[in-house]
Amino acid sequence: LTALSSVITLFTLPFFMALCLNTFYQDTEYSSNIEFPLKNILIQNFLLMFIPIILGVFTKITFKNGSKKLSRILEKIAFPSLVLIATMFFIKNAKTISSHLDIILVAVVCLVFAAIVISSLLSRALCQDSKTRRTIVIEVTMQNAAQAIALCVSPFAFNNEIMSIPAIIYALIMNIILLAYVALIV
């Protein structure tokens with residue numbers, strides 16, 4: 001499910017980013033500062049997502065024992081690394097974050113709940129069992145935060161740390177809300 005949704009977002013994320021830039025940033029003080037590098041975004045998405053997926057599948061098929069050991073190691077360092085990076089980012093951008101936190105927080109919470117509700121309703125409409133529905137809700141809600149952060153800060157795409165603030169806040173809030181969701185539903 002993660003691999004499939006990652007491949008789908010290779011194409012949908014640039015579309016939605018362009019739509020948001022044209023809808024929300026048109027005729028604002030920021031519109032002249034933002035270029036939309038579609039080709040670079042597609043290339044970066046391919047490099048950051050598709051190639052690691054292929055390498056992961058290849059490693060799992062070719063080196064079964066080694067891939068299990070590597071997976072256990074990566075599982076232990078992934079979340080602490082994310083927390084460390086987010087903490088450093090928050091410290092570095094504390095002033096900007098605090099001055100816009102009210103608006104960003106409302107938008108992020110609405111987006112998280114929209115992802116939960118829409119994915120839950122769609123999986124119900126597709127007659128999925130409760131375990132599959134929960135998995136879909138978690139997967140849909142968790143997807144794309146890291147990708148959005150990477151696109152915002154990458155010199156190859158936007159090269160703008162300020163643009164990544166909503167994505168970083170989303171990554172943190174999404175985890176809190178999903179933990180509550182899992183605790184209440186499971």
# chains A, B, ... in the order shown; residues from 1 in each chain; ligands from 1

call {"tool": "residues_around", "arguments": {"residues": "range 152-156 of chain A", "least_positions_apart": "4", "cutoff": "8 Å", "atoms": "only C-alpha atoms", "output": "count of residues only"}}
result
8

call {"tool": "residues_around", "arguments": {"residues": "Ser123 in chain A", "least_positions_apart": "2", "cutoff": "12 Å", "atoms": "only C-alpha atoms", "output": "mmCIF file with all heavy atoms, in the first residue's frame"}}
result
data_model
loop_
_atom_site.group_PDB
_atom_site.id
_atom_site.type_symbol
_atom_site.label_atom_id
_atom_site.label_comp_id
_atom_site.auth_asym_id
_atom_site.auth_seq_id
_atom_site.Cartn_x
_atom_site.Cartn_y
_atom_site.Cartn_z
ATOM 1 N N ALA A 115 -8.377 13.819 5.828
ATOM 2 C CA ALA A 115 -7.740 12.597 5.328
ATOM 3 C C ALA A 115 -8.338 11.368 6.009
ATOM 4 O O ALA A 115 -8.621 10.359 5.346
ATOM 5 C CB ALA A 115 -6.232 12.653 5.553
ATOM 6 N N ILE A 116 -8.546 11.459 7.311
ATOM 7 C CA ILE A 116 -9.123 10.328 8.054
ATOM 8 C C ILE A 116 -10.546 10.046 7.587
ATOM 9 O O ILE A 116 -10.906 8.902 7.285
ATOM 10 C CB ILE A 116 -9.079 10.593 9.576
ATOM 11 C CG1 ILE A 116 -7.632 10.543 10.072
ATOM 12 C CG2 ILE A 116 -9.951 9.596 10.336
ATOM 13 C CD1 ILE A 116 -7.441 11.007 11.505
ATOM 14 N N VAL A 117 -11.364 11.076 7.520
ATOM 15 C CA VAL A 117 -12.781 10.894 7.167
ATOM 16 C C VAL A 117 -12.936 10.411 5.730
ATOM 17 O O VAL A 117 -13.651 9.441 5.464
ATOM 18 C CB VAL A 117 -13.570 12.211 7.405
ATOM 19 C CG1 VAL A 117 -14.961 12.137 6.811
ATOM 20 C CG2 VAL A 117 -13.645 12.516 8.887
ATOM 21 N N ILE A 118 -12.256 11.062 4.798
ATOM 22 C CA ILE A 118 -12.397 10.694 3.389
ATOM 23 C C ILE A 118 -11.882 9.274 3.136
ATOM 24 O O ILE A 118 -12.539 8.477 2.458
ATOM 25 C CB ILE A 118 -11.695 11.720 2.476
ATOM 26 C CG1 ILE A 118 -12.454 13.049 2.530
ATOM 27 C CG2 ILE A 118 -11.584 11.211 1.044
ATOM 28 C CD1 ILE A 118 -11.720 14.215 1.889
ATOM 29 N N SER A 119 -10.714 8.942 3.691
ATOM 30 C CA SER A 119 -10.176 7.595 3.469
ATOM 31 C C SER A 119 -11.059 6.540 4.135
ATOM 32 O O SER A 119 -11.241 5.446 3.584
ATOM 33 C CB SER A 119 -8.734 7.494 3.954
ATOM 34 O OG SER A 119 -8.637 7.792 5.325
ATOM 35 N N SER A 120 -11.621 6.858 5.279
ATOM 36 C CA SER A 120 -12.516 5.917 5.950
ATOM 37 C C SER A 120 -13.801 5.706 5.135
ATOM 38 O O SER A 120 -14.234 4.564 4.931
ATOM 39 C CB SER A 120 -12.856 6.426 7.352
ATOM 40 O OG SER A 120 -13.725 5.524 7.996
ATOM 41 N N LEU A 121 -14.378 6.801 4.654
ATOM 42 C CA LEU A 121 -15.613 6.694 3.860
ATOM 43 C C LEU A 121 -15.378 5.952 2.548
ATOM 44 O O LEU A 121 -16.191 5.105 2.149
ATOM 45 C CB LEU A 121 -16.194 8.082 3.597
ATOM 46 C CG LEU A 121 -16.762 8.818 4.812
ATOM 47 C CD1 LEU A 121 -17.173 10.238 4.442
ATOM 48 C CD2 LEU A 121 -17.933 8.053 5.429
ATOM 49 N N ALA A 125 -17.030 2.511 1.390
ATOM 50 C CA ALA A 125 -17.764 2.421 0.123
ATOM 51 C C ALA A 125 -17.245 1.270 -0.742
ATOM 52 O O ALA A 125 -18.003 0.679 -1.510
ATOM 53 C CB ALA A 125 -17.660 3.744 -0.639
ATOM 54 N N LEU A 126 -15.962 0.956 -0.588
ATOM 55 C CA LEU A 126 -15.370 -0.153 -1.334
ATOM 56 C C LEU A 126 -15.487 -1.477 -0.575
ATOM 57 O O LEU A 126 -14.843 -2.469 -0.931
ATOM 58 C CB LEU A 126 -13.910 0.152 -1.647
ATOM 59 C CG LEU A 126 -13.702 1.335 -2.592
ATOM 60 C CD1 LEU A 126 -12.230 1.711 -2.671
ATOM 61 C CD2 LEU A 126 -14.272 1.029 -3.972
ATOM 62 N N CYS A 127 -16.293 -1.484 0.493
ATOM 63 C CA CYS A 127 -16.617 -2.686 1.271
ATOM 64 C C CYS A 127 -15.386 -3.371 1.871
ATOM 65 O O CYS A 127 -15.290 -4.602 1.881
ATOM 66 C CB CYS A 127 -17.412 -3.682 0.429
ATOM 67 S SG CYS A 127 -18.935 -2.992 -0.227
ATOM 68 N N GLN A 128 -14.471 -2.589 2.382
ATOM 69 C CA GLN A 128 -13.273 -3.138 3.021
ATOM 70 C C GLN A 128 -13.596 -3.530 4.464
ATOM 71 O O GLN A 128 -14.425 -2.897 5.114
ATOM 72 C CB GLN A 128 -12.135 -2.117 3.005
ATOM 73 C CG GLN A 128 -11.740 -1.676 1.622
ATOM 74 C CD GLN A 128 -11.220 -2.820 0.780
ATOM 75 O OE1 GLN A 128 -10.423 -3.633 1.234
ATOM 76 N NE2 GLN A 128 -11.685 -2.901 -0.462
ATOM 77 N N ASP A 129 -12.946 -4.565 4.955
ATOM 78 C CA ASP A 129 -13.157 -4.964 6.345
ATOM 79 C C ASP A 129 -12.512 -3.923 7.265
ATOM 80 O O ASP A 129 -11.750 -3.063 6.823
ATOM 81 C CB ASP A 129 -12.583 -6.369 6.602
ATOM 82 C CG ASP A 129 -11.090 -6.445 6.374
ATOM 83 O OD1 ASP A 129 -10.326 -5.907 7.209
ATOM 84 O OD2 ASP A 129 -10.683 -7.039 5.356
ATOM 85 N N SER A 130 -12.813 -4.000 8.559
ATOM 86 C CA SER A 130 -12.373 -2.962 9.495
ATOM 87 C C SER A 130 -10.842 -2.862 9.599
ATOM 88 O O SER A 130 -10.292 -1.772 9.705
ATOM 89 C CB SER A 130 -12.984 -3.172 10.874
ATOM 90 O OG SER A 130 -12.555 -4.397 11.419
ATOM 91 N N LYS A 131 -10.152 -3.996 9.548
ATOM 92 C CA LYS A 131 -8.689 -3.973 9.621
ATOM 93 C C LYS A 131 -8.098 -3.254 8.399
ATOM 94 O O LYS A 131 -7.193 -2.425 8.532
ATOM 95 C CB LYS A 131 -8.156 -5.405 9.712
ATOM 96 C CG LYS A 131 -6.663 -5.495 9.891
ATOM 97 C CD LYS A 131 -6.217 -6.947 10.026
ATOM 98 C CE LYS A 131 -4.711 -7.027 10.193
ATOM 99 N NZ LYS A 131 -4.256 -8.411 10.292
ATOM 100 N N THR A 132 -8.618 -3.533 7.230
ATOM 101 C CA THR A 132 -8.146 -2.882 6.005
ATOM 102 C C THR A 132 -8.483 -1.394 6.029
ATOM 103 O O THR A 132 -7.659 -0.561 5.627
ATOM 104 C CB THR A 132 -8.761 -3.561 4.759
ATOM 105 O OG1 THR A 132 -8.436 -4.956 4.790
ATOM 106 C CG2 THR A 132 -8.263 -2.932 3.477
ATOM 107 N N ARG A 133 -9.688 -1.050 6.515
ATOM 108 C CA ARG A 133 -10.070 0.375 6.616
ATOM 109 C C ARG A 133 -9.106 1.128 7.510
ATOM 110 O O ARG A 133 -8.653 2.225 7.175
ATOM 111 C CB ARG A 133 -11.495 0.514 7.147
ATOM 112 C CG ARG A 133 -12.561 0.305 6.117
ATOM 113 C CD ARG A 133 -13.912 0.822 6.568
ATOM 114 N NE ARG A 133 -14.321 0.412 7.886
ATOM 115 C CZ ARG A 133 -15.045 -0.666 8.166
ATOM 116 N NH1 ARG A 133 -15.442 -1.459 7.194
ATOM 117 N NH2 ARG A 133 -15.372 -0.956 9.397
ATOM 118 N N ARG A 134 -8.777 0.561 8.674
ATOM 119 C CA ARG A 134 -7.825 1.216 9.581
ATOM 120 C C ARG A 134 -6.469 1.406 8.910
ATOM 121 O O ARG A 134 -5.845 2.465 9.019
ATOM 122 C CB ARG A 134 -7.667 0.406 10.872
ATOM 123 C CG ARG A 134 -8.816 0.550 11.830
ATOM 124 C CD ARG A 134 -8.491 -0.051 13.182
ATOM 125 N NE ARG A 134 -8.093 -1.443 13.135
ATOM 126 C CZ ARG A 134 -8.915 -2.484 13.208
ATOM 127 N NH1 ARG A 134 -10.212 -2.275 13.327
ATOM 128 N NH2 ARG A 134 -8.461 -3.715 13.169
ATOM 129 N N THR A 135 -6.019 0.375 8.205
ATOM 130 C CA THR A 135 -4.732 0.457 7.511
ATOM 131 C C THR A 135 -4.759 1.563 6.461
ATOM 132 O O THR A 135 -3.815 2.346 6.353
ATOM 133 C CB THR A 135 -4.392 -0.894 6.844
ATOM 134 O OG1 THR A 135 -4.358 -1.903 7.850
ATOM 135 C CG2 THR A 135 -3.067 -0.836 6.120
ATOM 136 N N ILE A 136 -5.832 1.640 5.705
ATOM 137 C CA ILE A 136 -5.960 2.676 4.673
ATOM 138 C C ILE A 136 -5.991 4.062 5.301
ATOM 139 O O ILE A 136 -5.325 4.983 4.826
ATOM 140 C CB ILE A 136 -7.207 2.419 3.790
ATOM 141 C CG1 ILE A 136 -6.966 1.173 2.928
ATOM 142 C CG2 ILE A 136 -7.535 3.631 2.930
ATOM 143 C CD1 ILE A 136 -8.194 0.674 2.194
ATOM 144 N N VAL A 137 -6.745 4.219 6.383
ATOM 145 C CA VAL A 137 -6.807 5.515 7.069
ATOM 146 C C VAL A 137 -5.415 5.940 7.535
ATOM 147 O O VAL A 137 -4.991 7.084 7.325
ATOM 148 C CB VAL A 137 -7.790 5.464 8.263
ATOM 149 C CG1 VAL A 137 -7.623 6.670 9.171
ATOM 150 C CG2 VAL A 137 -9.227 5.384 7.760
ATOM 151 N N ILE A 138 -4.706 5.034 8.158
ATOM 152 C CA ILE A 138 -3.364 5.357 8.657
ATOM 153 C C ILE A 138 -2.433 5.684 7.490
ATOM 154 O O ILE A 138 -1.706 6.688 7.517
ATOM 155 C CB ILE A 138 -2.811 4.195 9.514
ATOM 156 C CG1 ILE A 138 -3.615 4.104 10.810
ATOM 157 C CG2 ILE A 138 -1.327 4.386 9.794
ATOM 158 C CD1 ILE A 138 -3.389 2.828 11.600
ATOM 159 N N GLU A 139 -2.467 4.880 6.451
ATOM 160 C CA GLU A 139 -1.585 5.094 5.298
ATOM 161 C C GLU A 139 -1.872 6.423 4.609
ATOM 162 O O GLU A 139 -0.955 7.192 4.323
ATOM 163 C CB GLU A 139 -1.748 3.942 4.304
ATOM 164 C CG GLU A 139 -0.864 4.044 3.097
ATOM 165 C CD GLU A 139 0.607 3.952 3.429
ATOM 166 O OE1 GLU A 139 0.978 3.274 4.389
ATOM 167 O OE2 GLU A 139 1.397 4.577 2.695
ATOM 168 N N VAL A 140 -3.127 6.703 4.351
ATOM 169 C CA VAL A 140 -3.489 7.957 3.668
ATOM 170 C C VAL A 140 -3.113 9.158 4.520
ATOM 171 O O VAL A 140 -2.575 10.147 4.021
ATOM 172 C CB VAL A 140 -4.997 7.976 3.319
ATOM 173 C CG1 VAL A 140 -5.461 9.361 2.893
ATOM 174 C CG2 VAL A 140 -5.293 6.953 2.228
#

call {"tool": "atom_distance", "arguments": {"atom1": "CA of Thr87 in chain A", "atom2": "CA of Ile169 in chain A"}}
result
10.8 Å

call {"tool": "select_by_dssp", "arguments": {"residues": "chain A", "states": "alpha helix (DSSP H)", "output": "ChimeraX atom specification"}}
result
/A:2-24,38-45,51-62,64-92,94-125,130-142,145-153,165-185

call {"tool": "closest_residue", "arguments": {"among": "A:Ser6, A:Gln143, A:Thr59, A:Ser99", "to": "Phe46 in chain A", "atoms": "only C-alpha atoms"}}
result
A:Ser6

call {"tool": "closest_residue", "arguments": {"among": "A:Ala150, A:Ile53, A:Ala107, A:Leu179", "to": "Pro166 in chain A", "atoms": "only C-alpha atoms"}}
result
A:Ala107

call {"tool": "residues_around", "arguments": {"residues": "Thr96 in chain A", "least_positions_apart": "2", "cutoff": "12 Å", "atoms": "only C-alpha atoms", "output": "PDB file with N, CA and C atoms, in the first residue's frame"}}
result
ATOM      1  N   PHE A  89      14.641  21.911  13.336  1.00  0.00           N
ATOM      2  CA  PHE A  89      13.944  22.831  12.445  1.00  0.00           C
ATOM      3  C   PHE A  89      13.089  23.808  13.248  1.00  0.00           C
ATOM      4  N   PHE A  90      12.364  23.291  14.252  1.00  0.00           N
ATOM      5  CA  PHE A  90      11.528  24.161  15.083  1.00  0.00           C
ATOM      6  C   PHE A  90      12.366  25.204  15.822  1.00  0.00           C
ATOM      7  N   ILE A  91      13.493  24.790  16.338  1.00  0.00           N
ATOM      8  CA  ILE A  91      14.366  25.741  17.048  1.00  0.00           C
ATOM      9  C   ILE A  91      14.856  26.815  16.084  1.00  0.00           C
ATOM     10  N   LYS A  92      15.280  26.401  14.903  1.00  0.00           N
ATOM     11  CA  LYS A  92      15.804  27.349  13.919  1.00  0.00           C
ATOM     12  C   LYS A  92      14.737  28.326  13.432  1.00  0.00           C
ATOM     13  N   ASN A  93      13.491  27.873  13.301  1.00  0.00           N
ATOM     14  CA  ASN A  93      12.419  28.697  12.740  1.00  0.00           C
ATOM     15  C   ASN A  93      11.345  29.051  13.766  1.00  0.00           C
ATOM     16  N   ALA A  94      11.699  29.093  15.030  1.00  0.00           N
ATOM     17  CA  ALA A  94      10.722  29.305  16.103  1.00  0.00           C
ATOM     18  C   ALA A  94       9.924  30.600  15.930  1.00  0.00           C
ATOM     19  N   SER A  98       5.943  30.492  15.347  1.00  0.00           N
ATOM     20  CA  SER A  98       5.045  31.031  16.374  1.00  0.00           C
ATOM     21  C   SER A  98       4.165  32.153  15.831  1.00  0.00           C
ATOM     22  N   SER A  99       4.659  32.920  14.868  1.00  0.00           N
ATOM     23  CA  SER A  99       3.842  34.017  14.344  1.00  0.00           C
ATOM     24  C   SER A  99       2.735  33.538  13.410  1.00  0.00           C
ATOM     25  N   HIS A 100       2.826  32.321  12.907  1.00  0.00           N
ATOM     26  CA  HIS A 100       1.803  31.792  12.005  1.00  0.00           C
ATOM     27  C   HIS A 100       1.158  30.504  12.517  1.00  0.00           C
ATOM     28  N   LEU A 101       1.470  30.112  13.731  1.00  0.00           N
ATOM     29  CA  LEU A 101       1.028  28.814  14.238  1.00  0.00           C
ATOM     30  C   LEU A 101      -0.492  28.684  14.286  1.00  0.00           C
ATOM     31  N   ASP A 102      -1.193  29.743  14.663  1.00  0.00           N
ATOM     32  CA  ASP A 102      -2.648  29.641  14.786  1.00  0.00           C
ATOM     33  C   ASP A 102      -3.303  29.240  13.467  1.00  0.00           C
ATOM     34  N   ILE A 104      -1.799  27.938  10.718  1.00  0.00           N
ATOM     35  CA  ILE A 104      -1.254  26.668  10.241  1.00  0.00           C
ATOM     36  C   ILE A 104      -1.844  25.507  11.026  1.00  0.00           C
ATOM     37  N   GLU A 161      12.892  26.863   3.171  1.00  0.00           N
ATOM     38  CA  GLU A 161      12.558  26.236   4.457  1.00  0.00           C
ATOM     39  C   GLU A 161      11.207  26.703   4.993  1.00  0.00           C
ATOM     40  N   ILE A 162      10.881  27.963   4.781  1.00  0.00           N
ATOM     41  CA  ILE A 162       9.624  28.504   5.295  1.00  0.00           C
ATOM     42  C   ILE A 162       8.422  27.757   4.713  1.00  0.00           C
ATOM     43  N   MET A 163       8.514  27.369   3.447  1.00  0.00           N
ATOM     44  CA  MET A 163       7.417  26.618   2.820  1.00  0.00           C
ATOM     45  C   MET A 163       7.201  25.266   3.493  1.00  0.00           C
ATOM     46  N   SER A 164       8.224  24.727   4.144  1.00  0.00           N
ATOM     47  CA  SER A 164       8.098  23.400   4.747  1.00  0.00           C
ATOM     48  C   SER A 164       7.452  23.424   6.135  1.00  0.00           C
ATOM     49  N   ILE A 165       7.242  24.605   6.699  1.00  0.00           N
ATOM     50  CA  ILE A 165       6.676  24.686   8.059  1.00  0.00           C
ATOM     51  C   ILE A 165       5.336  23.958   8.174  1.00  0.00           C
ATOM     52  N   PRO A 166       4.367  24.190   7.272  1.00  0.00           N
ATOM     53  CA  PRO A 166       3.106  23.438   7.403  1.00  0.00           C
ATOM     54  C   PRO A 166       3.301  21.921   7.325  1.00  0.00           C
TER      55      PRO A 166
END

call {"tool": "closest_residue", "arguments": {"among": "A:Leu122, A:Ile43, A:Leu82, A:Ile173", "to": "Pro14 in chain A", "atoms": "only C-alpha atoms"}}
result
A:Ile43

call {"tool": "closest_residue", "arguments": {"among": "A:Ile185, A:Met174, A:Cys20, A:Ile149", "to": "Ile85 in chain A", "atoms": "only C-alpha atoms"}}
result
A:Ile149

call {"tool": "atom_distance", "arguments": {"atom1": "CA of Thr12 in chain A", "atom2": "CA of Lys39 in chain A"}}
result
13.5 Å

call {"tool": "closest_residue", "arguments": {"among": "A:Phe50, A:Leu19, A:Pro37, A:Asn45", "to": "Asn159 in chain A", "atoms": "only C-alpha atoms"}}
result
A:Pro37

call {"tool": "closest_residue", "arguments": {"among": "A:Phe158, A:Phe24, A:Phe16, A:Phe79", "to": "Leu172 in chain A", "atoms": "only C-alpha atoms"}}
result
A:Phe79

call {"tool": "atom_distance", "arguments": {"atom1": "CA of Arg124 in chain A", "atom2": "CA of Ala180 in chain A"}}
result
20.4 Å
